[in-house]
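Participant: Before I ask anything, here is the structure I am working with.
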Amino acid sequence: MDKELPKKVIKHIKYFAKKYKKEVTLISLLLVLTSIPMIIRPLILRKIIDKGLMRSGNIQVLVIGVSLFIFLSILVSLFNYFKGVLIGILDNKIVLEMETKLYKKFQYADPKIYEKWDRGYIKSRIENDISSFASLFVSSIVSIIMDILILLVAITIIFILNWKLALISIILYPIYIVILKKYNNKLKRVKKEYQEIHAKTDSQIFNQIELLKDYKKLSRLSHGVLKYFSQTKKLVKKNIELIKVENANINWLKLLSGLSPSIMFLFGGILVLKGHLTLGTLMAFNSYLGFIYTPTSKLLMYNIQVQKALVAWKRIKYILNLPEEKSEGVKIDNIKKIIVKNLTYDYNDNENKLFKGLNYTFRKNKIYGIYGPSGIGKTTLSEILIGLKKDYEGNIMINETNLTKINIIKYRSNIRILDQEPLLFKDSILNNIKIGQKRAKKEKVVKISKQLGIHSFIKEFNKGYETVLSEKGSSISIGQKQRIAMARALISKPDLLILDEPFSNVDDKNMNKILNLLNKIKNKIIIIISHNKNILKICDKIYEIN
Ligand SMILES: Nc1ncnc2c1ncn2[C@@H]1O[C@H](COP(=O)(O)OP(=O)(O)O)[C@@H](O)[C@H]1O
Ligand SMILES: [Mg+2]
């Protein structure tokens, strides 16, 4: 067991108690309110038996006792209900807070992490880690406190009732704990293995689902199904092992915790027969033993849960501590000139370095072409130019300042990049064009759309510019998407516009429209990347990578 665990748990409780004062106070109050009737009930049972049923039998005591018993039971249920709801609310608040934090973090994080972690992995970390932390932590902590409370009170009460019988009753307790711990360790190991397979499978399955359409295109449906099946099969196998261990655990413990009451009944029974103990006390004893053994086994289980929650927390913290792109450095208001000096780039797993010393200059009011075969590094170059890839060799000067010294967030806000697969959001066409430019007027959007030749097709939709595109814009053609993305890029009047093979799906007529438009809006640096020399004919200068 982690020796630091209690310390860590207390640190977390303090943090959340401070943050969610109202909820935590109410939950604590309800916790005490639920525990008191639970603890009192066996004592009432004792009274009912001894004073209501035995020789001196008294129907009045019986009726009052039973009524009180029922009343307390109703109270317990009621308090339990409110406690459950409050825990749920707190749980959700924590999840929401953390999800927002992590999401923000991923937005502002250094772009390097997107190379390391794919989408499935990021998604599963945001979702699984947070939910396992929030739900495990909140509900475990509440139950732990309640169980400790009940356990301590129950032990105290049985010693007050009859200390000799109390000693005999808990004689098996140490053995119980030792065995419990042994089983729990095994359970913990299998659970951990299961978690690992689960996390791996999760990200693979997510990826598999993303590929559904591609398998259809390849008409290799069975391949997709088989892959999916083999991944899930591993998970199921481990899960069955886990279920076996869990069940063995539960049943062994049941046997053990059943032995103690038996011993207690034997000795207690003799005491009752000899007249040293009332039957009511014996029954109350039995109830209190339940309050001792069940919480103990639960407490040792929570140990696993809390540790798991803390592992999730550690992973969340790791993400929260990832380096961010800070808004610091020299602010460039107007990108006038970009000079690439002696640029070389090396994808670590790639044996061949890219570029091997490029020297390019880009100036305002000019259109540049970058030409070269597929795979030569054109897209990589554009990512370096906008500061997404930082570990290049050589120097890149923006106006007179080194790219490494400038405020990258401000710099990027003056750049628009357009690639083969324009990213559209599940939102109206208008908002897709305006994104990040809330104040842009609709007339401006319409004007640019007309110039790009998309106005007529947008008008054909019933709702025109208000038409909501489906996920990733799948309801329109790639060529149309590319031109919507082009409208978006132009409306913000960037200083640097990079077009990375953007016209692969635009027909000649519309392409000429776009090229004409580009010729007119020259007050910026325009870089067109293409493996098609025909498109590059409007360029003032063409750089060829080979
Ligand atoms: N994330 C990556 N990790 C390793 N190699 C990569 C990665 N991205 C691209 N490459 C490799 O770098 C080379 C250049 O890719 P890219 O810049 O996309 O070329 P282009 O845009 O000219 O087609 C290719 O050989 C490609 O396989
Ligand atoms: Mg490319």
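Residue numbers start at 1 in each chain; chains themselves are named A, B, ... in the order of the structure tokens; ligands are numbered from 1 in the order shown.
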What do you get as a count of residues only if you pick all residues at most 10 Å from ligand 1, counting only C-alpha atoms and all ligand atoms?

Facilitator: 37

Participant: Would you kindly return, as a list in words, each protein, DNA or RNA residue with an atom no farther than 8 Å from any atom of A:Ile386, considering only C-alpha atoms and excluding same-chain residues fewer than 5 positions away?

Facilitator: Tyr411, Arg412 and Ile415 of chain A

Participant: From the set A:Gly84, A:Gln107, A:Phe16, A:Ile171, which residue has the shortest atom-to-atom contact distance to A:Ile319, counting only C-alpha atoms?

Facilitator: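 Ranking A:Gly84, A:Gln107, A:Phe16, A:Ile171 by distance to A:Ile319, first place goes to A:Gln107.
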
Participant: Would you please give, as a VMD selection string, all residues of stretch 138-358 of chain A that DSSP assigns to helix (DSSP H, G or I) based on the backbone?

Facilitator: chain A and resid 138 to 161 163 to 169 173 to 210 212 to 217 221 to 274 279 to 320

Participant: Counting only C-alpha atoms, which of A:Asn365, A:Gln482, A:Asn334, A:Thr404 gets nearest to A:Cys539?

Facilitator: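 Residue with the minimum atom-to-atom distance to A:Cys539: A:Asn365.
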